[in-house]
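For reference, the structure is listed below as structure tokens.
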Amino acid sequence: MTTAFIGQPVSRVDGRQKVTGAATYAAEFNVPGQAHGAIVRSTVANGRIASIDSVAAEQASGVIAVLTHDNAPRLAYRAHKGAVDPGIGERLHVLQDDRVSHQGQPIALVIADNLEQAIHAAMLVRVTYVSEPGTTDISLVEPVLPTQEKTDQGEGPPPETRRGDPDGALAAAEMSIDQNYVIARENHNPLEMHATIAAWDGDRLTLWDKTQWVNNVADEIAAVFGIPAENIRVVSPFVGGAFGSGLRTWPHVTLAALGARVAGRPVKLMLSRREMYYSVGYRPHTVQRVALGASRDGRLAAIMHEGYQETSTYEEFSEALLNASRFLHSCPNVYTRHRIAPMNVHTPTYMRAPGEASGVFALESAMDELAVALNIDPVELRLRNEPEQDEFKKLPFSSRSTRECYRAAAERFGWSRRTPEPGSMRDGRWLIGWGMASATYPMNYAPASATARLLPDGTAEVMSAASDMGPGTWTSMTQVAAETLGLPIERVKFILGDTRLPRAPVHGGSMTMASVGSAVQAACRRAREEALARSGVNELGEAMRRFGQPIEASADVKPGDEAQRFSMHAFGAVFVEVAVDRDLGETRVRRIVGAYGAGRIVNPKMTRSQCIGGMIGGIGMALMEHSVVDARSGRVPNANLAEYAVPVHADAPPVMDVIFVEEHDPHVNPLGVKGVGEIAMVGVAPAIANAVFHATGKRIRELPVTPDKLL
Ligand code: MOS
């Protein structure tokens with residue numbers, strides 16, 4: 001019997017539930033007596049509500065209540081700390097006044113006996129506006145410095161940083177490039193739409209919600225309603241994808257709770273896919289400038305990286321857009337400046353590899369342009385600028401396997417057979433392009449708690465309020481628990497997704513394995529030691545039976561001072577082959593090879609799957625995804641999966657190779673993992689754009705690279 005499970009390709013313990021429909025997602029719960037809600041949304045981008053006529057809606061069949069700013073209870077909207085929402089500024093206050101700040105803002109809520117009645121009545125609500133000129137076109141906004149840089153990775157450096165003399169070094173450089181890069185807005189499109197069921201029992205509230213952080217939903221709704229978080233239970237066992245849209249607690253959660261309170265019945269509120277384009281965030285439209293100066297032999301002398309992004313008028317959203325430019329490549333003179341463009345839009349949010357996916361697109365596109373200008377191989381250019389330490393933080397890297405990633409991925413890809421001249425590689429009428437880019441994402445490790453309960457029947461329950469939006473938390477935690485306890489894996493059950501369980505950090509920023517995994521390990525160690533000590537035998541199964549009653553142990557883990565001593569990041573390299581149709585401008589990705597140094601890999605099967613997901617997401621970012629915003633109204637005309645293109649199976653290349661280079665990092669966290677969820681998305685889009693240049697000689701600096709841009 002083996003109990004070495006960490007590092008094994010264990011299949012998903014929840015796989016059967018998911019494929020047989022036994023897994024229950026938020027909207028699939030049914031609470032006795034539940035009513036249904038439908039949201040009425042603004043049809044202007046900016047202005048005031050002049051009147052709301054809800055008489056017809058109120059009289060419609062099955063309608064229980066119509067809530068508007070005229071009759072909705074006033075909410076406390078207290079501040080609360082330590083959460084992702086709000087960042088800086090204020091979150092949207094729903095149904096509190098007549099102000100409209102963006103298209104699709106919730107302005108009324110209809111509660112009815114069933115869903116059809118609620119939707120029908122919502123259509124009967126008549127609204128007039130005093131419309132004001134709005135700003136929904138980023139090119140018309142003067143970007144401003146944020147008050148303070150705060151991202152999903154905590155408080156960041158100031159919005160403007162400088163080391164050395166970047167202007168002087170750029171002016172004096174033997175070779176320089178200076179370009180602008182634009183990334184269109186991209187929307188979250190998880191398979192499972194956002195949904196909440198709210199049920200009050202006196203002053204206690206239960207929420208079934210699609211979320212990446214049950215604890216934060218409780219904290220946020222407690223702050224909004226001015227009640228103790230202990231009064232709120234949040235249940236979220238399954239999450240049908242999210243990768244950012246579920247990090248925050250969006251206004252529909254407040255509306256469900258508000259509706260349930262007014263109706264005196266539980267309320268179920270589901271968002272349609274169209275509604276999600278106006279209410280659960282998106283990767284913001286980004287405009288960046290990168291200027292690089294270098295010597296003829298390819299040593300970087302200057303990096304200037306500036307960028308700004310759309311945000312709402314009521315909140316400052318910011319992400320780690322310029323992070324990588326400060327340490328990924330060695331350079332003595334570096335300037336970064338991050339600004340925001342407040343607009344009549346709803347607040348953007350984090351979307352897979354927030355900051356890095358966008359910032360590294362600009363940086364790694366520029367590096368490719370520099371390589372071309374210098375006539376140096378792009379891999380060689382990066383090798384010549386490998387830093388010895390993090391030159392921004394002036395700290396050693398806890399581990400950094402970039403050289404090994406370049407070598408392993410280039411070899412697997414066959415990079416040495418590349419002919420550098422654009423358009424020089426062909427396959428019939430297809431122009432073949434080979435491109436590459438570097439990737440990095442911070443190692444995030446946050447305080448987490450877990451409990452292990454050993455039962456007399458020889459099984460164990462291990463629990464934490466974590467989430468599993470797809471990476472495989474259920475499975476990987478079961479592996480860590482079984483190995484630590486020394487029990488067969490089928491005798492260990494992991495439980496997550498409930499605020500009644502020990503507190504977990506946000507299921508984002510690639511930190512779940514590091515944080516919850518370390519807590520699970522610590523709790524299981526403690527439980528095992530206790531069981532063995534109390535029973536006086538040295539075999540756990542025997543100890544559990546002999547003791548005759550449950551043995552429970554909990555553990556909290558948190559980072560020490562390692563962040564003061566080390567710069568901790570995962571690194572990677574992505575190599576891509578594209579084929580571009582000479583006549584039609586269509587780009588097909590044929591192969592992707594990614595190599596990652598990400599510390600310990602707990603489950604290579606799921607981690608590979610995670611990386612493939614990131615590669616496919618990168619194809620979407622590079623070639624397809626674009627939330628079109630009608631500048632006249634702030635409307636998103638392609639707010640649906642028919643017109644908002646995402647990669648389907650036919651777009652996924654037959655070859656997606658994932659290499660994990662061996663890395664033992666004792667500094668990052670007790671488990672030695674760095675996380676891969678986010679880094680899997682970094683570097684893919686620039687590698688594709690660089691490959692498109694190699695195929696066609698056309699440098700596309702505005703994503704997505706659609707056929708029209710190549711003709
Ligand atoms: Mo990730 S964008 O923090 O879900």
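Ordering of the structure tokens sets the chain letters (A, B, ...), residue numbers begin anew at 1 in every chain, and ligands are numbered from 1 in the order given.
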Practice prompt. Around ligand 1, at most 9 Å away and counting only C-alpha atoms and all ligand atoms, which residues are there? Put them as a ChimeraX atom specification, please.
Written response: /A:152-153,212,242-247,349-354,469,506-511,677-678
Discussion item. Please identify the helix (DSSP H, G or I) residues within stretch 21-223 of chain A (assignment by DSSP from backbone atoms) and present them as JSON, numbers by chain.
Written reply: {"A": [26, 27, 28, 55, 56, 57, 58, 59, 115, 116, 117, 118, 119, 120, 121, 122, 123, 124, 138, 139, 140, 166, 167, 168, 169, 170, 171, 172, 214, 215, 216, 217, 218, 219, 220, 221, 222, 223]}
Find the residues around A:His664 up to 7 Å (only C-alpha atoms counted), leave out those fewer than 3 positions away in its own chain, and share them as a PDB file with N, CA and C atoms, in the first residue's frame.
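Now in result17.pdb:
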```pdb
ATOM      1  N   GLY A 599       8.059  25.427  -8.672  1.00  0.00           N
ATOM      2  CA  GLY A 599       8.182  24.720  -7.406  1.00  0.00           C
ATOM      3  C   GLY A 599       7.640  23.311  -7.519  1.00  0.00           C
ATOM      4  N   ARG A 600       7.136  22.801  -6.404  1.00  0.00           N
ATOM      5  CA  ARG A 600       6.639  21.435  -6.388  1.00  0.00           C
ATOM      6  C   ARG A 600       5.301  21.357  -7.128  1.00  0.00           C
ATOM      7  N   GLY A 672       6.287  24.047  -0.598  1.00  0.00           N
ATOM      8  CA  GLY A 672       7.256  24.286  -1.679  1.00  0.00           C
ATOM      9  C   GLY A 672       6.624  24.470  -3.043  1.00  0.00           C
TER      10      GLY A 672
END
```
Item to complete: Kindly indicate which residue among A:Met367, A:Ala173, A:Ala570, A:Val668 lies nearest to A:Ala437, using only C-alpha atoms for the distances.
Response: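 Smallest separation from A:Ala437 among the options: A:Met367.
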Fill in: Exercise: A:Thr161 partners within 7 Å, only C-alpha atoms, chain neighbours under 2 positions left out, as number ranges by chain
A: 158-159, 163, 335-337
Using only C-alpha atoms, determine which residues lie at most 8 Å from A:Ala256, disregarding the query and same-chain residues fewer than 5 positions distant; provide the list as a PDB file with N, CA and C atoms, in the first residue's frame.
```
ATOM      1  N   GLY A  37     -35.847  36.327  -8.661  1.00  0.00           N
ATOM      2  CA  GLY A  37     -35.611  37.735  -8.920  1.00  0.00           C
ATOM      3  C   GLY A  37     -35.191  37.969 -10.359  1.00  0.00           C
ATOM      4  N   THR A 196     -27.057  33.588  -7.145  1.00  0.00           N
ATOM      5  CA  THR A 196     -27.094  33.635  -5.678  1.00  0.00           C
ATOM      6  C   THR A 196     -28.495  33.254  -5.206  1.00  0.00           C
ATOM      7  N   ILE A 197     -28.569  32.472  -4.150  1.00  0.00           N
ATOM      8  CA  ILE A 197     -29.842  32.282  -3.444  1.00  0.00           C
ATOM      9  C   ILE A 197     -29.640  32.842  -2.046  1.00  0.00           C
ATOM     10  N   ALA A 198     -30.569  33.695  -1.622  1.00  0.00           N
ATOM     11  CA  ALA A 198     -30.471  34.290  -0.291  1.00  0.00           C
ATOM     12  C   ALA A 198     -31.671  33.861   0.531  1.00  0.00           C
ATOM     13  N   VAL A 267     -34.857  34.148  -1.981  1.00  0.00           N
ATOM     14  CA  VAL A 267     -34.867  34.611  -3.372  1.00  0.00           C
ATOM     15  C   VAL A 267     -33.681  34.026  -4.125  1.00  0.00           C
ATOM     16  N   LYS A 268     -33.984  33.504  -5.301  1.00  0.00           N
ATOM     17  CA  LYS A 268     -32.939  33.014  -6.209  1.00  0.00           C
ATOM     18  C   LYS A 268     -32.758  34.030  -7.322  1.00  0.00           C
ATOM     19  N   LEU A 269     -31.507  34.399  -7.557  1.00  0.00           N
ATOM     20  CA  LEU A 269     -31.210  35.403  -8.586  1.00  0.00           C
ATOM     21  C   LEU A 269     -30.102  34.864  -9.487  1.00  0.00           C
TER      22      LEU A 269
END
```
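Atom CA of A:Asn30 lies 12.3 Å from atom CA of A:Asn114.
In this comparison, which uses only C-alpha atoms, the residue of A:Asn71, A:Ser330, A:Ser365, A:Ser464 approaching A:Ile177 most closely is A:Ser365.
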10 Å contact set for A:Arg565, only C-alpha atoms, chain neighbours under 3 positions out, as a PDB file with C-alpha atoms, in the first residue's frame:
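Contents of selection_16.pdb, as written:
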```pdb
ATOM      1  CA  LYS A 393      13.486  44.692  -4.806  1.00  0.00           C
ATOM      2  CA  LYS A 394      17.254  44.139  -4.597  1.00  0.00           C
ATOM      3  CA  LEU A 395      16.634  40.674  -3.235  1.00  0.00           C
ATOM      4  CA  PRO A 396      17.776  37.234  -4.383  1.00  0.00           C
ATOM      5  CA  PHE A 397      15.164  35.077  -6.095  1.00  0.00           C
ATOM      6  CA  SER A 398      14.054  32.202  -3.862  1.00  0.00           C
ATOM      7  CA  ASP A 561       9.548  37.031   6.885  1.00  0.00           C
ATOM      8  CA  GLU A 562      10.554  35.295   3.637  1.00  0.00           C
ATOM      9  CA  MET A 568       9.449  34.818  -5.023  1.00  0.00           C
ATOM     10  CA  HIS A 667      11.684  29.341   1.005  1.00  0.00           C
TER      11      HIS A 667
END
```
Worksheet item: Per DSSP on the backbone, what are the strand (DSSP E or B) residues of stretch 577-687 of chain A, as a VMD selection string?
Response: chain A and resid 577 to 581 587 to 597 599 630 635 655 to 660 673
Store the residues of this selection in a file with N, CA and C atoms, as an mmCIF file, in the first residue's frame.
```cif
data_model
loop_
_atom_site.group_PDB
_atom_site.id
_atom_site.type_symbol
_atom_site.label_atom_id
_atom_site.label_comp_id
_atom_site.auth_asym_id
_atom_site.auth_seq_id
_atom_site.Cartn_x
_atom_site.Cartn_y
_atom_site.Cartn_z
ATOM 1 N N GLU A 577 3.930 27.761 -32.452
ATOM 2 C CA GLU A 577 3.938 27.726 -33.913
ATOM 3 C C GLU A 577 2.564 28.141 -34.413
ATOM 4 N N VAL A 578 2.542 29.121 -35.311
ATOM 5 C CA VAL A 578 1.281 29.491 -35.945
ATOM 6 C C VAL A 578 1.373 29.246 -37.445
ATOM 7 N N ALA A 579 0.207 29.114 -38.043
ATOM 8 C CA ALA A 579 0.113 29.090 -39.500
ATOM 9 C C ALA A 579 -0.873 30.189 -39.879
ATOM 10 N N VAL A 580 -0.446 31.082 -40.758
ATOM 11 C CA VAL A 580 -1.316 32.184 -41.167
ATOM 12 C C VAL A 580 -1.691 31.991 -42.633
ATOM 13 N N ASP A 581 -2.987 31.992 -42.889
ATOM 14 C CA ASP A 581 -3.456 31.852 -44.269
ATOM 15 C C ASP A 581 -3.078 33.126 -45.040
ATOM 16 N N THR A 587 -5.366 33.074 -38.606
ATOM 17 C CA THR A 587 -4.236 32.509 -37.866
ATOM 18 C C THR A 587 -4.678 31.264 -37.113
ATOM 19 N N ARG A 588 -3.959 30.187 -37.331
ATOM 20 C CA ARG A 588 -4.210 28.947 -36.578
ATOM 21 C C ARG A 588 -2.996 28.675 -35.700
ATOM 22 N N VAL A 589 -3.217 28.401 -34.444
ATOM 23 C CA VAL A 589 -2.105 27.996 -33.587
ATOM 24 C C VAL A 589 -1.926 26.494 -33.749
ATOM 25 N N ARG A 590 -0.727 26.077 -34.160
ATOM 26 C CA ARG A 590 -0.507 24.650 -34.423
ATOM 27 C C ARG A 590 0.136 23.918 -33.253
ATOM 28 N N ARG A 591 1.002 24.621 -32.538
ATOM 29 C CA ARG A 591 1.693 23.953 -31.416
ATOM 30 C C ARG A 591 1.996 24.980 -30.344
ATOM 31 N N ILE A 592 1.922 24.560 -29.108
ATOM 32 C CA ILE A 592 2.414 25.381 -28.000
ATOM 33 C C ILE A 592 3.233 24.477 -27.082
ATOM 34 N N VAL A 593 4.411 24.945 -26.740
ATOM 35 C CA VAL A 593 5.219 24.256 -25.740
ATOM 36 C C VAL A 593 5.510 25.252 -24.630
ATOM 37 N N GLY A 594 5.148 24.910 -23.426
ATOM 38 C CA GLY A 594 5.423 25.772 -22.280
ATOM 39 C C GLY A 594 6.254 25.031 -21.265
ATOM 40 N N ALA A 595 7.282 25.689 -20.734
ATOM 41 C CA ALA A 595 8.067 25.098 -19.647
ATOM 42 C C ALA A 595 7.977 26.034 -18.452
ATOM 43 N N TYR A 596 7.774 25.447 -17.289
ATOM 44 C CA TYR A 596 7.542 26.255 -16.091
ATOM 45 C C TYR A 596 8.390 25.775 -14.925
ATOM 46 N N GLY A 597 8.941 26.733 -14.227
ATOM 47 C CA GLY A 597 9.588 26.464 -12.946
ATOM 48 C C GLY A 597 8.654 26.997 -11.886
ATOM 49 N N GLY A 599 8.059 25.427 -8.672
ATOM 50 C CA GLY A 599 8.182 24.720 -7.406
ATOM 51 C C GLY A 599 7.640 23.311 -7.519
ATOM 52 N N ASP A 630 -19.865 50.031 -27.507
ATOM 53 C CA ASP A 630 -20.433 51.086 -28.342
ATOM 54 C C ASP A 630 -20.232 52.404 -27.605
ATOM 55 N N ARG A 635 -22.856 50.337 -24.407
ATOM 56 C CA ARG A 635 -23.401 48.988 -24.605
ATOM 57 C C ARG A 635 -22.356 48.056 -25.196
ATOM 58 N N VAL A 655 -1.079 19.940 -30.521
ATOM 59 C CA VAL A 655 0.080 19.782 -29.635
ATOM 60 C C VAL A 655 0.101 20.902 -28.599
ATOM 61 N N MET A 656 -0.110 20.545 -27.353
ATOM 62 C CA MET A 656 0.098 21.476 -26.243
ATOM 63 C C MET A 656 0.950 20.733 -25.226
ATOM 64 N N ASP A 657 2.214 21.067 -25.222
ATOM 65 C CA ASP A 657 3.192 20.358 -24.402
ATOM 66 C C ASP A 657 3.503 21.178 -23.166
ATOM 67 N N VAL A 658 3.429 20.542 -22.039
ATOM 68 C CA VAL A 658 3.715 21.247 -20.786
ATOM 69 C C VAL A 658 4.876 20.560 -20.080
ATOM 70 N N ILE A 659 5.898 21.344 -19.779
ATOM 71 C CA ILE A 659 7.080 20.804 -19.104
ATOM 72 C C ILE A 659 7.217 21.497 -17.747
ATOM 73 N N PHE A 660 7.346 20.710 -16.694
ATOM 74 C CA PHE A 660 7.645 21.306 -15.390
ATOM 75 C C PHE A 660 9.110 21.036 -15.089
ATOM 76 N N VAL A 673 5.350 24.898 -3.070
ATOM 77 C CA VAL A 673 4.680 25.100 -4.360
ATOM 78 C C VAL A 673 4.589 26.594 -4.669
#
```
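Minimum atom-to-atom distances from A:Ala639, A:Ala680, A:Val705, A:Ala301 to A:Ser609 were compared using only C-alpha atoms, and the lowest value belongs to A:Ala680.
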Item to complete: Find the residues around A:Leu145 up to 7 Å (only C-alpha atoms counted), leave out those fewer than 4 positions away in its own chain, and share them as JSON, numbers by chain.
Response: {"A": [159, 338, 339, 340]}
Worksheet item: For A:Gly241, which residue out of A:Gly62, A:Pro190, A:Gly435, A:Pro284 is the nearest one, using only C-alpha atoms?
Response: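 The answer is A:Pro190, which sits nearest to A:Gly241.
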Fill in: Residue nearest A:Pro146 among A:Val10, A:Ala341, A:Val557, A:Met615 (counting only C-alpha atoms)
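Nearest candidate to A:Pro146 out of A:Val10, A:Ala341, A:Val557, A:Met615: A:Ala341.
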